[in-house]
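Participant: Contents of entry_4.pdb (PDB, N, CA and C atoms):
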```pdb
ATOM      1  N   MET S 159     191.775  27.967  28.070
ATOM      2  CA  MET S 159     191.318  29.070  28.881
ATOM      3  C   MET S 159     190.562  28.489  30.080
ATOM      4  N   HIS S 160     190.773  29.064  31.206
ATOM      5  CA  HIS S 160     190.109  28.572  32.410
ATOM      6  C   HIS S 160     188.660  29.031  32.415
ATOM      7  N   THR S 161     187.795  28.096  32.717
ATOM      8  CA  THR S 161     186.367  28.429  32.673
ATOM      9  C   THR S 161     185.653  28.165  33.988
ATOM     10  N   SER S 162     186.395  27.823  35.021
ATOM     11  CA  SER S 162     185.733  27.581  36.298
ATOM     12  C   SER S 162     185.106  28.888  36.811
ATOM     13  N   ARG S 163     184.129  28.769  37.592
ATOM     14  CA  ARG S 163     183.421  29.935  38.131
ATOM     15  C   ARG S 163     184.383  30.812  38.923
ATOM     16  N   GLU S 164     185.209  30.192  39.738
ATOM     17  CA  GLU S 164     186.154  30.942  40.554
ATOM     18  C   GLU S 164     187.134  31.742  39.692
ATOM     19  N   THR S 165     187.610  31.107  38.657
ATOM     20  CA  THR S 165     188.559  31.789  37.781
ATOM     21  C   THR S 165     187.901  32.960  37.088
ATOM     22  N   ARG S 166     186.718  32.772  36.552
ATOM     23  CA  ARG S 166     186.008  33.869  35.877
ATOM     24  C   ARG S 166     185.736  35.020  36.829
ATOM     25  N   GLU S 167     185.369  34.713  38.058
ATOM     26  CA  GLU S 167     185.118  35.765  39.045
ATOM     27  C   GLU S 167     186.406  36.539  39.357
ATOM     28  N   TYR S 168     187.494  35.810  39.497
ATOM     29  CA  TYR S 168     188.762  36.476  39.775
ATOM     30  C   TYR S 168     189.163  37.387  38.614
ATOM     31  N   LEU S 169     189.021  36.900  37.399
ATOM     32  CA  LEU S 169     189.400  37.694  36.235
ATOM     33  C   LEU S 169     188.532  38.942  36.083
ATOM     34  N   GLU S 170     187.326  38.889  36.562
ATOM     35  CA  GLU S 170     186.475  40.078  36.546
ATOM     36  C   GLU S 170     186.959  41.112  37.569
ATOM     37  N   ILE S 171     187.521  40.644  38.656
ATOM     38  CA  ILE S 171     187.994  41.542  39.713
ATOM     39  C   ILE S 171     189.284  42.252  39.271
ATOM     40  N   VAL S 172     190.142  41.566  38.548
ATOM     41  CA  VAL S 172     191.432  42.125  38.135
ATOM     42  C   VAL S 172     191.505  42.244  36.600
ATOM     43  N   PRO S 173     190.726  43.128  36.024
ATOM     44  CA  PRO S 173     190.763  43.240  34.557
ATOM     45  C   PRO S 173     192.118  43.761  34.082
ATOM     46  N   ASP S 174     192.496  43.358  32.910
ATOM     47  CA  ASP S 174     193.738  43.783  32.256
ATOM     48  C   ASP S 174     195.009  43.328  32.963
ATOM     49  N   LYS S 175     194.889  42.450  33.922
ATOM     50  CA  LYS S 175     196.098  41.940  34.583
ATOM     51  C   LYS S 175     196.746  40.845  33.735
ATOM     52  N   PHE S 176     195.929  40.112  33.023
ATOM     53  CA  PHE S 176     196.416  39.022  32.192
ATOM     54  C   PHE S 176     196.068  39.298  30.743
ATOM     55  N   GLU S 177     196.941  38.839  29.870
ATOM     56  CA  GLU S 177     196.700  38.991  28.440
ATOM     57  C   GLU S 177     196.538  37.601  27.843
ATOM     58  N   PHE S 178     195.458  37.401  27.128
ATOM     59  CA  PHE S 178     195.205  36.119  26.488
ATOM     60  C   PHE S 178     195.936  36.094  25.155
ATOM     61  N   VAL S 179     196.787  35.091  24.961
ATOM     62  CA  VAL S 179     197.516  34.941  23.716
ATOM     63  C   VAL S 179     197.157  33.577  23.148
ATOM     64  N   PHE S 180     196.635  33.587  21.944
ATOM     65  CA  PHE S 180     196.204  32.344  21.322
ATOM     66  C   PHE S 180     197.375  31.657  20.651
ATOM     67  N   THR S 181     197.606  30.422  21.022
ATOM     68  CA  THR S 181     198.580  29.576  20.347
ATOM     69  C   THR S 181     197.838  28.332  19.890
ATOM     70  N   PRO S 182     197.790  28.089  18.591
ATOM     71  CA  PRO S 182     197.073  26.910  18.101
ATOM     72  C   PRO S 182     197.612  25.627  18.741
ATOM     73  N   LYS S 183     196.750  24.689  18.957
ATOM     74  CA  LYS S 183     197.153  23.442  19.606
ATOM     75  C   LYS S 183     198.160  22.668  18.781
ATOM     76  N   HIS S 184     198.077  22.794  17.479
ATOM     77  CA  HIS S 184     198.982  22.024  16.622
ATOM     78  C   HIS S 184     200.324  22.714  16.416
ATOM     79  N   THR S 185     200.505  23.899  16.981
ATOM     80  CA  THR S 185     201.754  24.630  16.843
ATOM     81  C   THR S 185     202.436  24.737  18.194
ATOM     82  N   SER S 186     203.677  24.409  18.189
ATOM     83  CA  SER S 186     204.429  24.480  19.430
ATOM     84  C   SER S 186     204.980  25.882  19.614
ATOM     85  N   TRP S 187     205.035  26.359  20.844
ATOM     86  CA  TRP S 187     205.597  27.674  21.120
ATOM     87  C   TRP S 187     207.071  27.716  20.761
ATOM     88  N   ILE S 188     207.699  26.554  20.730
ATOM     89  CA  ILE S 188     209.124  26.520  20.409
ATOM     90  C   ILE S 188     209.371  26.936  18.965
ATOM     91  N   ASN S 189     208.392  26.767  18.095
ATOM     92  CA  ASN S 189     208.555  27.184  16.704
ATOM     93  C   ASN S 189     208.808  28.679  16.608
ATOM     94  N   ILE S 190     208.182  29.432  17.461
ATOM     95  CA  ILE S 190     208.373  30.878  17.469
ATOM     96  C   ILE S 190     209.818  31.204  17.837
ATOM     97  N   ILE S 191     210.319  30.525  18.834
ATOM     98  CA  ILE S 191     211.684  30.757  19.284
ATOM     99  C   ILE S 191     212.686  30.295  18.218
ATOM    100  N   GLU S 192     212.393  29.179  17.587
ATOM    101  CA  GLU S 192     213.283  28.698  16.532
ATOM    102  C   GLU S 192     213.362  29.693  15.382
ATOM    103  N   SER S 193     212.251  30.265  15.003
ATOM    104  CA  SER S 193     212.270  31.234  13.901
ATOM    105  C   SER S 193     213.032  32.492  14.305
ATOM    106  N   PHE S 194     212.897  32.899  15.558
ATOM    107  CA  PHE S 194     213.648  34.053  16.055
ATOM    108  C   PHE S 194     215.147  33.827  15.908
ATOM    109  N   PHE S 195     215.626  32.676  16.359
ATOM    110  CA  PHE S 195     217.057  32.386  16.267
ATOM    111  C   PHE S 195     217.497  32.208  14.821
ATOM    112  N   GLN S 196     216.655  31.652  14.012
ATOM    113  CA  GLN S 196     216.989  31.482  12.607
ATOM    114  C   GLN S 196     217.194  32.840  11.933
ATOM    115  N   GLN S 197     216.323  33.781  12.205
ATOM    116  CA  GLN S 197     216.457  35.116  11.632
ATOM    117  C   GLN S 197     217.742  35.786  12.110
ATOM    118  N   ASN S 198     218.023  35.656  13.388
ATOM    119  CA  ASN S 198     219.250  36.246  13.923
ATOM    120  C   ASN S 198     220.498  35.596  13.333
ATOM    121  N   ASP S 199     220.464  34.294  13.149
ATOM    122  CA  ASP S 199     221.594  33.600  12.539
ATOM    123  C   ASP S 199     221.835  34.098  11.114
ATOM    124  N   LYS S 200     220.779  34.255  10.356
ATOM    125  CA  LYS S 200     220.916  34.729   8.981
ATOM    126  C   LYS S 200     221.514  36.125   8.946
ATOM    127  N   LYS S 201     221.067  36.983   9.833
ATOM    128  CA  LYS S 201     221.603  38.348   9.886
ATOM    129  C   LYS S 201     223.091  38.323  10.240
ATOM    130  N   LEU S 202     223.443  37.493  11.201
ATOM    131  CA  LEU S 202     224.837  37.397  11.626
ATOM    132  C   LEU S 202     225.714  36.862  10.499
ATOM    133  N   ILE S 203     225.240  35.867   9.797
ATOM    134  CA  ILE S 203     226.009  35.284   8.691
ATOM    135  C   ILE S 203     226.196  36.331   7.589
ATOM    136  N   GLU S 204     225.143  37.037   7.249
ATOM    137  CA  GLU S 204     225.245  38.077   6.219
ATOM    138  C   GLU S 204     226.218  39.174   6.637
ATOM    139  N   ARG S 205     226.152  39.580   7.859
ATOM    140  CA  ARG S 205     227.046  40.612   8.376
ATOM    141  C   ARG S 205     228.506  40.152   8.294
ATOM    142  N   ASN S 206     228.744  38.897   8.632
ATOM    143  CA  ASN S 206     230.112  38.366   8.570
ATOM    144  C   ASN S 206     230.605  38.260   7.132
ATOM    145  N   LYS S 207     229.739  37.940   6.197
ATOM    146  CA  LYS S 207     230.127  37.877   4.794
ATOM    147  C   LYS S 207     230.546  39.249   4.287
ATOM    148  N   LEU S 208     229.849  40.272   4.723
ATOM    149  CA  LEU S 208     230.140  41.631   4.269
ATOM    150  C   LEU S 208     231.455  42.138   4.866
ATOM    151  N   ASN S 209     231.785  41.699   6.043
ATOM    152  CA  ASN S 209     233.003  42.159   6.710
ATOM    153  C   ASN S 209     234.272  41.437   6.243
ATOM    154  N   GLN S 210     234.139  40.396   5.488
ATOM    155  CA  GLN S 210     235.320  39.621   5.062
ATOM    156  C   GLN S 210     235.922  40.209   3.801
TER
END
```
Let's see the structure in the file written out as structure tokens.
Facilitator:
Amino acid sequence: MHTSRETREYLEIVPDKFEFVFTPKHTSWINIIESFFQQNDKKLIERNKLNQ
């Protein structure tokens, strides 16, 4: 999070323009995307099994 005086002043002027989203340092954002695709792949595979 930015803590410089200028940044804090700007954020006070434009409230609700930015949303803070916490991502732990030890977790990569790519893990979220990988899980998304994994879930979609499983759904697609199940759907194809049912249609055969």
Participant: Distance atom C of Glu204 of chain S-atom C of Asn189 of chain S, one decimal place?
Facilitator: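 Separating atom C of Glu204 of chain S from atom C of Asn189 of chain S is a distance of 22.6 Å.
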Participant: Could you jot down the atom C of Asn206 of chain S to atom C of Phe194 of chain S separation for me, Å, one decimal place?
Facilitator: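 Result for atom C of Asn206 of chain S versus atom C of Phe194 of chain S: 18.3 Å, one decimal.
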Participant: Could you pull out the helix (DSSP H, G or I) residues of chain S, going by DSSP on the backbone, and write them as a PDB file with N, CA and C atoms, in the frame of the given file?
Facilitator:
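Output contents, as saved in result_16.pdb:
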```
ATOM      1  N   ARG S 163     184.129  28.769  37.592  1.00  0.00           N
ATOM      2  CA  ARG S 163     183.421  29.935  38.131  1.00  0.00           C
ATOM      3  C   ARG S 163     184.383  30.812  38.923  1.00  0.00           C
ATOM      4  N   GLU S 164     185.209  30.192  39.738  1.00  0.00           N
ATOM      5  CA  GLU S 164     186.154  30.942  40.554  1.00  0.00           C
ATOM      6  C   GLU S 164     187.134  31.742  39.692  1.00  0.00           C
ATOM      7  N   THR S 165     187.610  31.107  38.657  1.00  0.00           N
ATOM      8  CA  THR S 165     188.559  31.789  37.781  1.00  0.00           C
ATOM      9  C   THR S 165     187.901  32.960  37.088  1.00  0.00           C
ATOM     10  N   ARG S 166     186.718  32.772  36.552  1.00  0.00           N
ATOM     11  CA  ARG S 166     186.008  33.869  35.877  1.00  0.00           C
ATOM     12  C   ARG S 166     185.736  35.020  36.829  1.00  0.00           C
ATOM     13  N   GLU S 167     185.369  34.713  38.058  1.00  0.00           N
ATOM     14  CA  GLU S 167     185.118  35.765  39.045  1.00  0.00           C
ATOM     15  C   GLU S 167     186.406  36.539  39.357  1.00  0.00           C
ATOM     16  N   TYR S 168     187.494  35.810  39.497  1.00  0.00           N
ATOM     17  CA  TYR S 168     188.762  36.476  39.775  1.00  0.00           C
ATOM     18  C   TYR S 168     189.163  37.387  38.614  1.00  0.00           C
ATOM     19  N   LEU S 169     189.021  36.900  37.399  1.00  0.00           N
ATOM     20  CA  LEU S 169     189.400  37.694  36.235  1.00  0.00           C
ATOM     21  C   LEU S 169     188.532  38.942  36.083  1.00  0.00           C
ATOM     22  N   GLU S 170     187.326  38.889  36.562  1.00  0.00           N
ATOM     23  CA  GLU S 170     186.475  40.078  36.546  1.00  0.00           C
ATOM     24  C   GLU S 170     186.959  41.112  37.569  1.00  0.00           C
ATOM     25  N   ILE S 171     187.521  40.644  38.656  1.00  0.00           N
ATOM     26  CA  ILE S 171     187.994  41.542  39.713  1.00  0.00           C
ATOM     27  C   ILE S 171     189.284  42.252  39.271  1.00  0.00           C
ATOM     28  N   TRP S 187     205.035  26.359  20.844  1.00  0.00           N
ATOM     29  CA  TRP S 187     205.597  27.674  21.120  1.00  0.00           C
ATOM     30  C   TRP S 187     207.071  27.716  20.761  1.00  0.00           C
ATOM     31  N   ILE S 188     207.699  26.554  20.730  1.00  0.00           N
ATOM     32  CA  ILE S 188     209.124  26.520  20.409  1.00  0.00           C
ATOM     33  C   ILE S 188     209.371  26.936  18.965  1.00  0.00           C
ATOM     34  N   ASN S 189     208.392  26.767  18.095  1.00  0.00           N
ATOM     35  CA  ASN S 189     208.555  27.184  16.704  1.00  0.00           C
ATOM     36  C   ASN S 189     208.808  28.679  16.608  1.00  0.00           C
ATOM     37  N   ILE S 190     208.182  29.432  17.461  1.00  0.00           N
ATOM     38  CA  ILE S 190     208.373  30.878  17.469  1.00  0.00           C
ATOM     39  C   ILE S 190     209.818  31.204  17.837  1.00  0.00           C
ATOM     40  N   ILE S 191     210.319  30.525  18.834  1.00  0.00           N
ATOM     41  CA  ILE S 191     211.684  30.757  19.284  1.00  0.00           C
ATOM     42  C   ILE S 191     212.686  30.295  18.218  1.00  0.00           C
ATOM     43  N   GLU S 192     212.393  29.179  17.587  1.00  0.00           N
ATOM     44  CA  GLU S 192     213.283  28.698  16.532  1.00  0.00           C
ATOM     45  C   GLU S 192     213.362  29.693  15.382  1.00  0.00           C
ATOM     46  N   SER S 193     212.251  30.265  15.003  1.00  0.00           N
ATOM     47  CA  SER S 193     212.270  31.234  13.901  1.00  0.00           C
ATOM     48  C   SER S 193     213.032  32.492  14.305  1.00  0.00           C
ATOM     49  N   PHE S 194     212.897  32.899  15.558  1.00  0.00           N
ATOM     50  CA  PHE S 194     213.648  34.053  16.055  1.00  0.00           C
ATOM     51  C   PHE S 194     215.147  33.827  15.908  1.00  0.00           C
ATOM     52  N   PHE S 195     215.626  32.676  16.359  1.00  0.00           N
ATOM     53  CA  PHE S 195     217.057  32.386  16.267  1.00  0.00           C
ATOM     54  C   PHE S 195     217.497  32.208  14.821  1.00  0.00           C
ATOM     55  N   GLN S 196     216.655  31.652  14.012  1.00  0.00           N
ATOM     56  CA  GLN S 196     216.989  31.482  12.607  1.00  0.00           C
ATOM     57  C   GLN S 196     217.194  32.840  11.933  1.00  0.00           C
ATOM     58  N   GLN S 197     216.323  33.781  12.205  1.00  0.00           N
ATOM     59  CA  GLN S 197     216.457  35.116  11.632  1.00  0.00           C
ATOM     60  C   GLN S 197     217.742  35.786  12.110  1.00  0.00           C
ATOM     61  N   ASN S 198     218.023  35.656  13.388  1.00  0.00           N
ATOM     62  CA  ASN S 198     219.250  36.246  13.923  1.00  0.00           C
ATOM     63  C   ASN S 198     220.498  35.596  13.333  1.00  0.00           C
ATOM     64  N   ASP S 199     220.464  34.294  13.149  1.00  0.00           N
ATOM     65  CA  ASP S 199     221.594  33.600  12.539  1.00  0.00           C
ATOM     66  C   ASP S 199     221.835  34.098  11.114  1.00  0.00           C
ATOM     67  N   LYS S 200     220.779  34.255  10.356  1.00  0.00           N
ATOM     68  CA  LYS S 200     220.916  34.729   8.981  1.00  0.00           C
ATOM     69  C   LYS S 200     221.514  36.125   8.946  1.00  0.00           C
ATOM     70  N   LYS S 201     221.067  36.983   9.833  1.00  0.00           N
ATOM     71  CA  LYS S 201     221.603  38.348   9.886  1.00  0.00           C
ATOM     72  C   LYS S 201     223.091  38.323  10.240  1.00  0.00           C
ATOM     73  N   LEU S 202     223.443  37.493  11.201  1.00  0.00           N
ATOM     74  CA  LEU S 202     224.837  37.397  11.626  1.00  0.00           C
ATOM     75  C   LEU S 202     225.714  36.862  10.499  1.00  0.00           C
ATOM     76  N   ILE S 203     225.240  35.867   9.797  1.00  0.00           N
ATOM     77  CA  ILE S 203     226.009  35.284   8.691  1.00  0.00           C
ATOM     78  C   ILE S 203     226.196  36.331   7.589  1.00  0.00           C
ATOM     79  N   GLU S 204     225.143  37.037   7.249  1.00  0.00           N
ATOM     80  CA  GLU S 204     225.245  38.077   6.219  1.00  0.00           C
ATOM     81  C   GLU S 204     226.218  39.174   6.637  1.00  0.00           C
ATOM     82  N   ARG S 205     226.152  39.580   7.859  1.00  0.00           N
ATOM     83  CA  ARG S 205     227.046  40.612   8.376  1.00  0.00           C
ATOM     84  C   ARG S 205     228.506  40.152   8.294  1.00  0.00           C
ATOM     85  N   ASN S 206     228.744  38.897   8.632  1.00  0.00           N
ATOM     86  CA  ASN S 206     230.112  38.366   8.570  1.00  0.00           C
ATOM     87  C   ASN S 206     230.605  38.260   7.132  1.00  0.00           C
ATOM     88  N   LYS S 207     229.739  37.940   6.197  1.00  0.00           N
ATOM     89  CA  LYS S 207     230.127  37.877   4.794  1.00  0.00           C
ATOM     90  C   LYS S 207     230.546  39.249   4.287  1.00  0.00           C
ATOM     91  N   LEU S 208     229.849  40.272   4.723  1.00  0.00           N
ATOM     92  CA  LEU S 208     230.140  41.631   4.269  1.00  0.00           C
ATOM     93  C   LEU S 208     231.455  42.138   4.866  1.00  0.00           C
ATOM     94  N   ASN S 209     231.785  41.699   6.043  1.00  0.00           N
ATOM     95  CA  ASN S 209     233.003  42.159   6.710  1.00  0.00           C
ATOM     96  C   ASN S 209     234.272  41.437   6.243  1.00  0.00           C
TER      97      ASN S 209
END
```
Participant: Between atom CA of Ser193 of chain S and atom CA of Glu177 of chain S, what distance in Å does the model show, to one decimal?
Facilitator: 22.7 Å
Participant: Return the padded bounding box of segment 162-166 of chain S as lines of an AutoDock Vina configuration file: axis-aligned, built from all atoms listed in the file, 4 Å added on each side, with centre and edge lengths in Å to one decimal.
Facilitator:
```
center_x = 186.0
center_y = 31.3
center_z = 37.8
size_x = 13.1
size_y = 15.4
size_z = 13.5
```
